[in-house]
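Q: For reference, this is structure01.cif, and it has mmCIF, C-alpha atoms and all ligand atoms.
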```cif
data_structure
#
loop_
_atom_site.label_atom_id
_atom_site.label_comp_id
_atom_site.auth_asym_id
_atom_site.auth_seq_id
_atom_site.Cartn_x
_atom_site.Cartn_y
_atom_site.Cartn_z
CA MET A 18 25.04 -40.81 -4.04
CA LEU A 19 21.32 -40.06 -3.61
CA GLY A 20 21.48 -37.99 -6.79
CA SER A 21 22.95 -40.90 -8.80
CA LEU A 22 20.27 -43.25 -7.45
CA LEU A 23 17.52 -40.83 -8.46
CA LEU A 24 19.00 -40.39 -11.95
CA ALA A 25 19.31 -44.16 -12.38
CA GLY A 26 15.78 -44.68 -11.01
CA SER A 27 14.39 -42.08 -13.38
CA ARG A 28 14.96 -44.52 -16.24
CA VAL A 29 13.18 -47.47 -14.60
CA PRO A 30 9.52 -47.75 -15.73
CA PHE A 31 8.35 -49.09 -12.34
CA VAL A 32 9.81 -46.07 -10.49
CA ARG A 33 8.26 -43.77 -13.05
CA ARG A 34 4.81 -45.30 -12.51
CA ALA A 35 5.20 -45.18 -8.73
CA VAL A 36 6.26 -41.50 -8.60
CA SER A 37 3.81 -40.29 -11.27
CA GLY A 38 0.93 -42.18 -9.65
CA VAL A 39 1.13 -40.42 -6.28
CA PRO A 40 -1.66 -37.80 -6.36
CA LEU A 41 0.32 -35.18 -4.43
CA THR A 42 3.29 -35.39 -6.78
CA ARG A 43 1.67 -32.78 -9.00
CA LYS A 44 1.77 -30.20 -6.20
CA VAL A 45 5.53 -30.65 -5.88
CA VAL A 46 6.06 -30.75 -9.64
CA ASP A 47 4.38 -27.33 -9.89
CA ARG A 48 7.33 -25.80 -8.11
CA PHE A 49 9.52 -26.60 -11.14
CA VAL A 50 7.03 -26.76 -14.04
CA ALA A 51 4.81 -23.90 -15.26
CA GLY A 52 1.80 -26.10 -16.05
CA GLU A 53 0.56 -28.49 -18.70
CA THR A 54 -0.89 -26.32 -21.45
CA PRO A 55 0.53 -23.66 -23.81
CA GLN A 56 -1.76 -21.20 -22.01
CA ASP A 57 0.00 -22.05 -18.74
CA ALA A 58 3.36 -21.40 -20.41
CA VAL A 59 2.18 -18.10 -21.89
CA GLU A 60 0.87 -17.03 -18.49
CA ALA A 61 4.31 -17.72 -16.95
CA VAL A 62 5.96 -15.83 -19.83
CA ARG A 63 3.74 -12.80 -19.20
CA ARG A 64 4.45 -12.88 -15.47
CA LEU A 65 8.22 -13.25 -15.77
CA THR A 66 8.73 -10.80 -18.66
CA GLY A 67 6.49 -8.36 -16.76
CA ALA A 68 8.96 -8.66 -13.87
CA GLY A 69 11.92 -7.69 -16.07
CA LEU A 70 13.17 -11.20 -16.88
CA THR A 71 13.56 -12.91 -20.25
CA VAL A 72 12.52 -16.51 -20.95
CA THR A 73 13.25 -19.69 -22.86
CA ILE A 74 10.41 -22.21 -23.02
CA ASP A 75 10.73 -25.98 -23.11
CA HIS A 76 7.88 -28.24 -24.19
CA LEU A 77 8.56 -31.17 -21.85
CA GLY A 78 9.36 -34.57 -23.35
CA GLU A 79 12.40 -36.64 -24.22
CA GLU A 80 13.52 -39.92 -25.77
CA THR A 81 10.47 -40.14 -28.02
CA ARG A 82 10.26 -43.58 -29.66
CA ASP A 83 7.49 -42.76 -32.08
CA ALA A 84 7.73 -40.62 -35.25
CA GLY A 85 4.16 -39.35 -34.81
CA ALA A 86 4.89 -38.16 -31.29
CA ALA A 87 8.10 -36.46 -32.50
CA ALA A 88 6.12 -34.56 -35.15
CA GLY A 89 3.50 -33.77 -32.48
CA THR A 90 6.17 -32.14 -30.32
CA ALA A 91 7.30 -29.98 -33.24
CA GLN A 92 3.66 -29.02 -33.78
CA ALA A 93 3.29 -28.12 -30.10
CA TYR A 94 6.26 -25.76 -30.45
CA THR A 95 4.75 -24.09 -33.52
CA VAL A 96 1.48 -23.51 -31.64
CA LEU A 97 3.39 -22.03 -28.71
CA LEU A 98 5.50 -19.86 -31.00
CA GLY A 99 2.31 -18.60 -32.66
CA ALA A 100 1.14 -17.42 -29.24
CA LEU A 101 4.54 -15.82 -28.53
CA ARG A 102 4.38 -14.02 -31.86
CA GLU A 103 1.21 -12.29 -30.67
CA LEU A 104 2.92 -11.19 -27.47
CA ASP A 105 5.60 -9.53 -29.64
CA LEU A 106 8.42 -10.02 -27.14
CA GLY A 107 11.23 -10.25 -29.73
CA ASP A 108 14.38 -11.77 -28.27
CA ARG A 109 12.97 -11.57 -24.74
CA ALA A 110 11.37 -14.97 -25.45
CA GLU A 111 13.01 -17.99 -27.08
CA VAL A 112 12.48 -21.75 -27.02
CA SER A 113 14.65 -24.65 -25.88
CA VAL A 114 14.40 -27.96 -27.70
CA LYS A 115 15.52 -31.48 -26.75
CA LEU A 116 16.33 -33.25 -30.01
CA SER A 117 15.38 -36.61 -28.50
CA ALA A 118 11.83 -35.26 -28.19
CA VAL A 119 11.65 -34.55 -31.91
CA GLY A 120 13.06 -37.80 -33.26
CA GLN A 121 16.79 -38.13 -32.46
CA ALA A 122 16.19 -41.45 -30.66
CA LEU A 123 14.40 -43.02 -33.64
CA GLY A 124 17.21 -45.31 -34.82
CA ALA A 125 19.06 -44.93 -38.11
CA ASP A 126 16.82 -42.11 -39.39
CA GLY A 127 16.80 -40.33 -36.02
CA ASP A 128 19.14 -37.47 -36.95
CA LYS A 129 17.28 -36.79 -40.18
CA ILE A 130 13.86 -36.76 -38.49
CA ALA A 131 15.14 -34.60 -35.62
CA LEU A 132 16.65 -32.15 -38.11
CA GLU A 133 13.40 -31.89 -40.10
CA ASN A 134 11.33 -31.30 -36.97
CA ALA A 135 13.86 -28.88 -35.49
CA ARG A 136 13.84 -26.97 -38.79
CA ARG A 137 10.04 -26.56 -38.54
CA ILE A 138 10.50 -25.19 -35.03
CA CYS A 139 13.22 -22.78 -36.22
CA GLU A 140 10.93 -21.53 -39.02
CA ALA A 141 8.12 -20.83 -36.54
CA ALA A 142 10.60 -19.20 -34.16
CA HIS A 143 11.99 -17.02 -36.96
CA ALA A 144 8.45 -15.83 -37.78
CA ALA A 145 7.98 -14.94 -34.08
CA GLY A 146 11.34 -13.11 -33.88
CA ALA A 147 12.52 -15.72 -31.35
CA ASP A 148 15.69 -17.81 -31.13
CA VAL A 149 16.03 -21.56 -30.63
CA THR A 150 18.56 -23.22 -28.31
CA LEU A 151 19.19 -26.97 -28.43
CA ASP A 152 19.39 -28.58 -25.00
CA MET A 153 22.15 -31.15 -24.50
CA GLU A 154 21.16 -34.60 -23.28
CA ASP A 155 23.24 -37.66 -22.36
CA HIS A 156 26.77 -38.00 -23.75
CA THR A 157 25.79 -40.46 -26.51
CA THR A 158 23.81 -37.66 -28.21
CA VAL A 159 26.45 -34.91 -28.28
CA ASP A 160 27.91 -35.57 -31.76
CA SER A 161 24.45 -35.92 -33.24
CA THR A 162 23.21 -32.72 -31.55
CA LEU A 163 26.23 -30.73 -32.73
CA GLY A 164 25.70 -32.12 -36.26
CA VAL A 165 22.06 -30.99 -36.25
CA LEU A 166 23.18 -27.61 -34.86
CA ARG A 167 25.61 -27.14 -37.77
CA ALA A 168 22.90 -28.02 -40.29
CA LEU A 169 20.36 -25.65 -38.70
CA ARG A 170 22.83 -22.80 -38.47
CA GLY A 171 23.07 -22.77 -42.29
CA ASP A 172 19.58 -21.26 -42.45
CA PHE A 173 19.15 -20.08 -38.85
CA PRO A 174 22.57 -18.80 -37.73
CA ARG A 175 21.32 -17.69 -34.31
CA THR A 176 20.49 -21.26 -33.25
CA GLY A 177 22.26 -21.95 -29.96
CA VAL A 178 23.29 -25.05 -28.05
CA ALA A 179 23.93 -26.13 -24.47
CA LEU A 180 27.37 -27.54 -23.61
CA GLN A 181 27.93 -29.48 -20.38
CA ALA A 182 31.06 -28.59 -18.40
CA TYR A 183 31.21 -32.04 -16.73
CA LEU A 184 32.07 -33.76 -20.03
CA PHE A 185 35.80 -34.11 -20.69
CA ARG A 186 35.21 -33.14 -24.33
CA SER A 187 33.43 -29.85 -23.63
CA GLU A 188 36.47 -27.59 -23.46
CA ALA A 189 37.24 -28.53 -27.05
CA ASP A 190 33.58 -28.07 -28.03
CA CYS A 191 33.58 -24.62 -26.37
CA ARG A 192 36.65 -23.69 -28.40
CA ASP A 193 34.94 -24.83 -31.63
CA LEU A 194 31.83 -22.83 -30.79
CA SER A 195 33.39 -19.65 -29.37
CA HIS A 196 33.37 -17.83 -32.71
CA GLU A 197 31.40 -14.71 -33.57
CA GLY A 198 27.68 -15.28 -34.02
CA SER A 199 27.70 -18.44 -31.91
CA ARG A 200 25.34 -18.76 -28.93
CA VAL A 201 26.41 -21.28 -26.29
CA ARG A 202 24.61 -22.04 -23.04
CA LEU A 203 27.11 -23.37 -20.54
CA VAL A 204 25.67 -25.76 -17.91
CA LYS A 205 27.30 -28.12 -15.40
CA GLY A 206 25.44 -31.19 -16.75
CA ALA A 207 22.49 -33.11 -15.31
CA TYR A 208 22.64 -36.74 -16.52
CA ALA A 209 23.96 -39.97 -14.95
CA GLU A 210 27.14 -40.52 -16.94
CA PRO A 211 30.04 -43.03 -16.76
CA ALA A 212 33.30 -41.87 -15.16
CA SER A 213 35.01 -42.49 -18.51
CA VAL A 214 33.38 -39.38 -20.02
CA VAL A 215 32.69 -36.94 -17.16
CA HIS A 216 34.24 -35.33 -14.12
CA ARG A 217 32.34 -36.85 -11.23
CA ASP A 218 33.78 -34.80 -8.38
CA LYS A 219 31.77 -31.61 -7.78
CA ALA A 220 34.90 -29.46 -7.34
CA GLU A 221 36.31 -30.83 -10.61
CA VAL A 222 33.04 -30.03 -12.40
CA ASP A 223 33.20 -26.47 -11.07
CA LYS A 224 36.81 -26.08 -12.23
CA ALA A 225 35.89 -27.45 -15.66
CA TYR A 226 32.99 -24.97 -15.78
CA VAL A 227 35.41 -22.09 -15.16
CA ARG A 228 37.77 -23.31 -17.91
CA CYS A 229 34.87 -23.54 -20.39
CA LEU A 230 33.49 -20.19 -19.26
CA ARG A 231 36.87 -18.54 -19.80
CA ILE A 232 37.02 -19.86 -23.38
CA LEU A 233 33.51 -18.60 -24.14
CA MET A 234 33.99 -15.20 -22.48
CA ALA A 235 37.33 -14.70 -24.29
CA GLY A 236 35.82 -15.68 -27.64
CA GLY A 237 33.61 -13.80 -30.08
CA GLY A 238 30.28 -15.54 -29.40
CA TYR A 239 27.44 -14.87 -26.99
CA PRO A 240 27.86 -16.86 -23.72
CA MET A 241 24.69 -17.88 -21.89
CA VAL A 242 25.85 -18.61 -18.36
CA ALA A 243 23.32 -21.12 -17.02
CA THR A 244 23.95 -21.71 -13.33
CA HIS A 245 22.51 -20.91 -9.91
CA ASP A 246 25.96 -21.08 -8.35
CA ASP A 247 26.99 -17.77 -6.70
CA ARG A 248 30.69 -18.51 -7.03
CA LEU A 249 30.42 -19.08 -10.78
CA ILE A 250 28.34 -15.93 -11.17
CA SER A 251 31.07 -13.92 -9.39
CA ILE A 252 33.71 -15.47 -11.64
CA THR A 253 31.61 -14.58 -14.69
CA GLU A 254 31.68 -10.96 -13.58
CA LEU A 255 35.46 -11.03 -13.20
CA LEU A 256 35.87 -12.59 -16.65
CA ALA A 257 33.46 -10.05 -18.19
CA ASP A 258 35.71 -7.26 -16.83
CA ARG A 259 38.84 -8.98 -18.00
CA PHE A 260 37.57 -9.53 -21.55
CA GLY A 261 35.79 -6.19 -21.86
CA ARG A 262 32.30 -7.61 -22.13
CA SER A 263 29.49 -5.29 -21.20
CA ARG A 264 26.18 -6.51 -19.80
CA GLY A 265 24.54 -7.02 -23.20
CA ASP A 266 27.41 -9.24 -24.37
CA TYR A 267 26.44 -12.27 -22.25
CA GLU A 268 23.47 -13.37 -20.19
CA TYR A 269 22.56 -15.44 -17.16
CA GLN A 270 20.08 -18.28 -17.30
CA MET A 271 18.31 -20.09 -14.45
CA LEU A 272 15.55 -22.65 -14.12
CA TYR A 273 11.92 -21.83 -13.39
CA GLY A 274 11.27 -21.90 -9.65
CA ILE A 275 14.94 -22.08 -8.61
CA ARG A 276 16.64 -19.15 -6.88
CA THR A 277 13.97 -16.69 -7.97
CA ASP A 278 15.41 -14.09 -5.57
CA LYS A 279 18.76 -14.28 -7.35
CA GLN A 280 17.07 -14.04 -10.74
CA GLN A 281 15.40 -10.79 -9.68
CA ALA A 282 18.55 -9.40 -8.05
CA LEU A 283 20.65 -9.93 -11.19
CA ALA A 284 17.93 -8.48 -13.44
CA GLY A 285 17.58 -5.53 -11.04
CA ALA A 286 21.33 -4.91 -11.42
CA GLY A 287 20.90 -4.59 -15.19
CA HIS A 288 21.78 -8.12 -16.34
CA THR A 289 19.82 -10.10 -18.87
CA VAL A 290 18.43 -13.07 -16.93
CA ARG A 291 16.63 -15.76 -18.89
CA VAL A 292 14.37 -18.18 -17.05
CA TYR A 293 14.01 -21.67 -18.51
CA ILE A 294 10.27 -22.42 -18.36
CA PRO A 295 9.26 -26.07 -18.81
CA TYR A 296 5.62 -26.91 -19.47
CA GLY A 297 3.67 -29.97 -20.57
CA ASP A 298 2.53 -33.27 -19.12
CA ASP A 299 5.72 -35.28 -19.74
CA TRP A 300 7.45 -33.78 -16.69
CA TYR A 301 8.90 -36.93 -15.14
CA GLY A 302 12.53 -36.93 -16.45
CA TYR A 303 12.91 -33.18 -15.89
CA PHE A 304 11.48 -33.42 -12.37
CA MET A 305 13.76 -36.30 -11.37
CA ARG A 306 16.85 -34.38 -12.53
CA ARG A 307 15.78 -31.43 -10.34
CA LEU A 308 15.37 -33.77 -7.35
CA ALA A 309 18.77 -35.33 -8.03
CA GLU A 310 20.51 -31.95 -8.05
CA ARG A 311 19.59 -31.16 -4.49
CA PRO A 312 18.84 -33.60 -1.65
CA ALA A 313 16.74 -30.90 0.06
CA ASN A 314 14.29 -31.20 -2.84
CA VAL A 315 13.75 -34.86 -1.99
CA ALA A 316 12.94 -33.91 1.61
CA PHE A 317 10.50 -31.29 0.28
CA PHE A 318 8.91 -33.97 -1.93
CA LEU A 319 8.60 -36.45 0.93
CA ARG A 320 7.12 -33.79 3.23
CA ALA A 321 4.49 -32.96 0.60
CA LEU A 322 3.63 -36.64 0.26
CA GLY A 323 3.18 -36.75 4.01
CA GLY A 324 0.77 -33.83 3.71
CA LYS A 325 3.08 -31.32 5.41
P1 LIG A 401 24.73 -26.46 -8.37
O1 LIG A 401 26.04 -26.53 -7.70
O2 LIG A 401 24.01 -27.72 -8.67
O3 LIG A 401 23.74 -25.52 -7.59
C1 LIG A 401 24.13 -24.26 -7.05
C2 LIG A 401 23.01 -23.79 -6.14
O4 LIG A 401 21.82 -23.57 -6.92
C3 LIG A 401 22.60 -24.81 -5.11
O5 LIG A 401 23.38 -24.70 -3.95
C4 LIG A 401 21.15 -24.44 -4.86
O6 LIG A 401 21.05 -23.31 -4.05
C5 LIG A 401 20.67 -24.05 -6.23
N1 LIG A 401 20.11 -25.20 -6.97
C6 LIG A 401 20.67 -25.88 -8.01
N2 LIG A 401 19.85 -26.84 -8.46
C7 LIG A 401 18.75 -26.80 -7.69
C8 LIG A 401 17.54 -27.53 -7.66
N3 LIG A 401 17.29 -28.52 -8.51
N4 LIG A 401 16.61 -27.21 -6.73
C9 LIG A 401 16.81 -26.20 -5.85
N5 LIG A 401 17.96 -25.45 -5.84
C10 LIG A 401 18.90 -25.74 -6.73
N6 LIG A 401 21.69 -29.68 -18.02
C11 LIG A 401 21.95 -30.47 -19.07
O7 LIG A 401 22.56 -31.53 -18.91
N7 LIG A 401 21.54 -30.13 -20.33
C12 LIG A 401 20.90 -28.96 -20.58
O8 LIG A 401 20.56 -28.66 -21.74
C13 LIG A 401 20.61 -28.10 -19.49
N8 LIG A 401 19.96 -26.93 -19.68
C14 LIG A 401 19.86 -26.07 -18.61
C15 LIG A 401 19.33 -24.79 -18.83
C16 LIG A 401 19.34 -23.86 -17.82
C17 LIG A 401 18.79 -22.49 -18.08
C18 LIG A 401 19.87 -24.19 -16.54
C19 LIG A 401 19.94 -23.19 -15.44
C20 LIG A 401 20.33 -25.46 -16.31
C21 LIG A 401 20.32 -26.40 -17.33
N9 LIG A 401 20.80 -27.70 -17.11
C22 LIG A 401 21.03 -28.51 -18.20
C23 LIG A 401 21.02 -28.21 -15.73
C24 LIG A 401 22.45 -28.06 -15.28
O9 LIG A 401 23.27 -28.98 -15.96
C25 LIG A 401 22.59 -28.30 -13.77
O10 LIG A 401 22.19 -29.60 -13.46
C26 LIG A 401 21.78 -27.34 -12.90
O11 LIG A 401 21.79 -26.05 -13.42
C27 LIG A 401 22.37 -27.30 -11.48
O12 LIG A 401 23.68 -26.81 -11.52
P2 LIG A 401 24.14 -25.35 -10.98
O13 LIG A 401 25.07 -24.78 -11.98
O14 LIG A 401 22.96 -24.52 -10.69
O15 LIG A 401 25.01 -25.64 -9.71
#
```
The structure in this file should be written as structure tokens.
A:
Amino acid sequence: MLGSLLLAGSRVPFVRRAVSGVPLTRKVVDRFVAGETPQDAVEAVRRLTGAGLTVTIDHLGEETRDAGAAAGTAQAYTVLLGALRELDLGDRAEVSVKLSAVGQALGADGDKIALENARRICEAAHAAGADVTLDMEDHTTVDSTLGVLRALRGDFPRTGVALQAYLFRSEADCRDLSHEGSRVRLVKGAYAEPASVVHRDKAEVDKAYVRCLRILMAGGGYPMVATHDDRLISITELLADRFGRSRGDYEYQMLYGIRTDKQQALAGAGHTVRVYIPYGDDWYGYFMRRLAERPANVAFFLRALGGK
């Protein structure tokens, strides 16, 4: 209930101004966001890769309504990827891209602009030896995102995509994308969606996640299991045994600042654990989704505002 309110509020300009304008918000945001500049992101990359983790970096921003800003986001990624190239981390570092940040929301030409910008990012990533994974946003964007994925994979076959278990359609999408060479990040799903397209009940979302996971683990692709949920991690291990997958044949992914102890424990046990590192000044939508996922985060936020 609180989560739905926060997700709905995150799209109201007045709420955005109110939350962003509170001086102490930044302190709380820092728990989930690595900083504002590419240097901040690179610093987090150094720290986390130095601790045995791998990373995927997100330049924060979404629903861009301006073609110049969309091109600017692509440029920001190329600058970041230039810095990653110098670190020479190979596939230990990749980037995550929201197509709505690079033009998808720009009306009739949106898909074309997003594809052009995403292609520039893929070229820079290729030069840095890094992969690109497309984030998945609200349900109205799924067909467009999968279309852009198909087009990108022609030249950059390692391009991956996130699929959201809460969507009714995702089992079928997992089946389509479970072939050899395919990289799919499976997430529960983080947007406010109508009951006509998603499982709303938490237990139903978890069951749907397991069905999708089974399809991906049984298939020929590379599953990226993005969850902080212990039960789903245990089930992943059972499925890996059942389908004969060794540790290099799938990976875990978690968000920056969330369950860092678990991230280290899994990496210490020999798993590939990729931390999703967001950076940039457009943190609002991302931050609100993190608050919505866990009521305790709201209490933490309110305590910080109260100076405690
Ligand atoms: P939950 O049941 O929500 O959480 C399990 C446990 O994890 C909780 O009990 C708690 O201990 C911890 N936890 C979870 N969330 C938080 C939090 N915010 N703060 C503190 N503790 C928390 N969603 C999309 O819709 N599209 C995407 O492209 C996308 N990409 C993602 C990429 C990665 C690498 C990850 C990890 C998530 C991504 N998500 C994305 C978000 C995802 O959909 C979920 O909203 C989020 O991961 C929470 O679900 P969970 O599987 O961790 O399970």
Q: Choose the residue, out of A:Ala93, A:Val45, A:Leu163, A:Ile275, that has the smallest atom-to-atom separation from Asp128 (chain A); count all atoms listed in the file.
A: A:Leu163
Q: Please determine the residues with any atom at most 8 Å from (27.7, -25.7, -25.6) (coordinates as given in the file, with only C-alpha atoms counting) and report them as a list in words.
A: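 The residues that fall inside the cut-off are Met153, Gly177, Val178, Ala179, Leu180, Gln181, Ser187, Asp190, Cys191, Leu194, Val201, Arg202, Leu203 and Val204 of chain A.
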Q: So how many Å separate CA of Gln92 (chain A) and CA of Asp148 (chain A), to one decimal?
A: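 Computing it gives 16.7 Å between the two atoms.
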Q: Please check which protein, DNA or RNA residues sit within 8 Å of ligand LIG 401 (chain A), counting all atoms listed in the file, and write them as a ChimeraX atom specification.
A: /A:73,115,151-155,178-181,202-208,219,223,243-247,249,270-272,274-276,291-293,306-311,313-314
Q: What is the CA of Leu166 (chain A)-CA of Phe260 (chain A) distance in Å, reported with one decimal?
A: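 The value is 26.7 Å.
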Q: Taking all atoms listed in the file into account, name the residue in A:Ser195, A:Asn134, A:Ser161, A:Gln280 that is nearest to Gly85 (chain A).
A: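 Selected residue with least distance to Gly85 (chain A): A:Asn134.
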Q: In Å, with one decimal, what is the gap from CA of Ser27 (chain A) to CA of Thr162 (chain A)?
A: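 Those two atoms sit 22.3 Å apart.
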Q: Give the answer as one residue: which of A:Ala100, A:Gly236, A:Gln281, A:Ile130 has the shortest atom-to-atom distance to Arg262 (chain A), using only C-alpha atoms?
A: A:Gly236
Q: Taking all atoms listed in the file into account, name the residue in A:Lys129, A:Tyr273, A:Leu233, A:Ile252 that is nearest to Tyr296 (chain A).
A: A:Tyr273
Q: Excluding Ala68 (chain A) and residues on its chain fewer than 3 positions from it, collect all residues at most 10 Å away from it, counting all atoms listed in the file, and give them as a PDB file with C-alpha atoms, keeping the file's coordinate frame.
A:
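Output file selection14.pdb follows:
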```pdb
ATOM      1  CA  VAL A  62       5.960 -15.830 -19.830  1.00  0.00           C
ATOM      2  CA  ARG A  63       3.740 -12.800 -19.200  1.00  0.00           C
ATOM      3  CA  ARG A  64       4.450 -12.880 -15.470  1.00  0.00           C
ATOM      4  CA  LEU A  65       8.220 -13.250 -15.770  1.00  0.00           C
ATOM      5  CA  THR A  71      13.560 -12.910 -20.250  1.00  0.00           C
ATOM      6  CA  GLN A 281      15.400 -10.790  -9.680  1.00  0.00           C
ATOM      7  CA  ALA A 284      17.930  -8.480 -13.440  1.00  0.00           C
ATOM      8  CA  GLY A 285      17.580  -5.530 -11.040  1.00  0.00           C
TER       9      GLY A 285
END
```
Q: Near Leu283 (chain A), counting all atoms listed in the file, which residues have an atom at most 9 Å away, once you skip same-chain residues fewer than 6 positions from it, shown as a list in words?
A: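 Listing them by chain and then by number gives Tyr269, Thr289 and Val290 of chain A.
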Q: Kindly indicate which residue among A:Ala51, A:Leu123, A:Ala25, A:Ile294 lies nearest to Ala209 (chain A), using all atoms listed in the file for the distances.
A: A:Ala25
Q: Please report, as lines of an AutoDock Vina configuration file, the centre and edge lengths in Å to one decimal of an axis-aligned box covering all listed atoms of region 270-278 of chain A with 5 Å per side.
A:
```
center_x = 15.7
center_y = -18.4
center_z = -11.4
size_x = 18.8
size_y = 18.6
size_z = 21.7
```
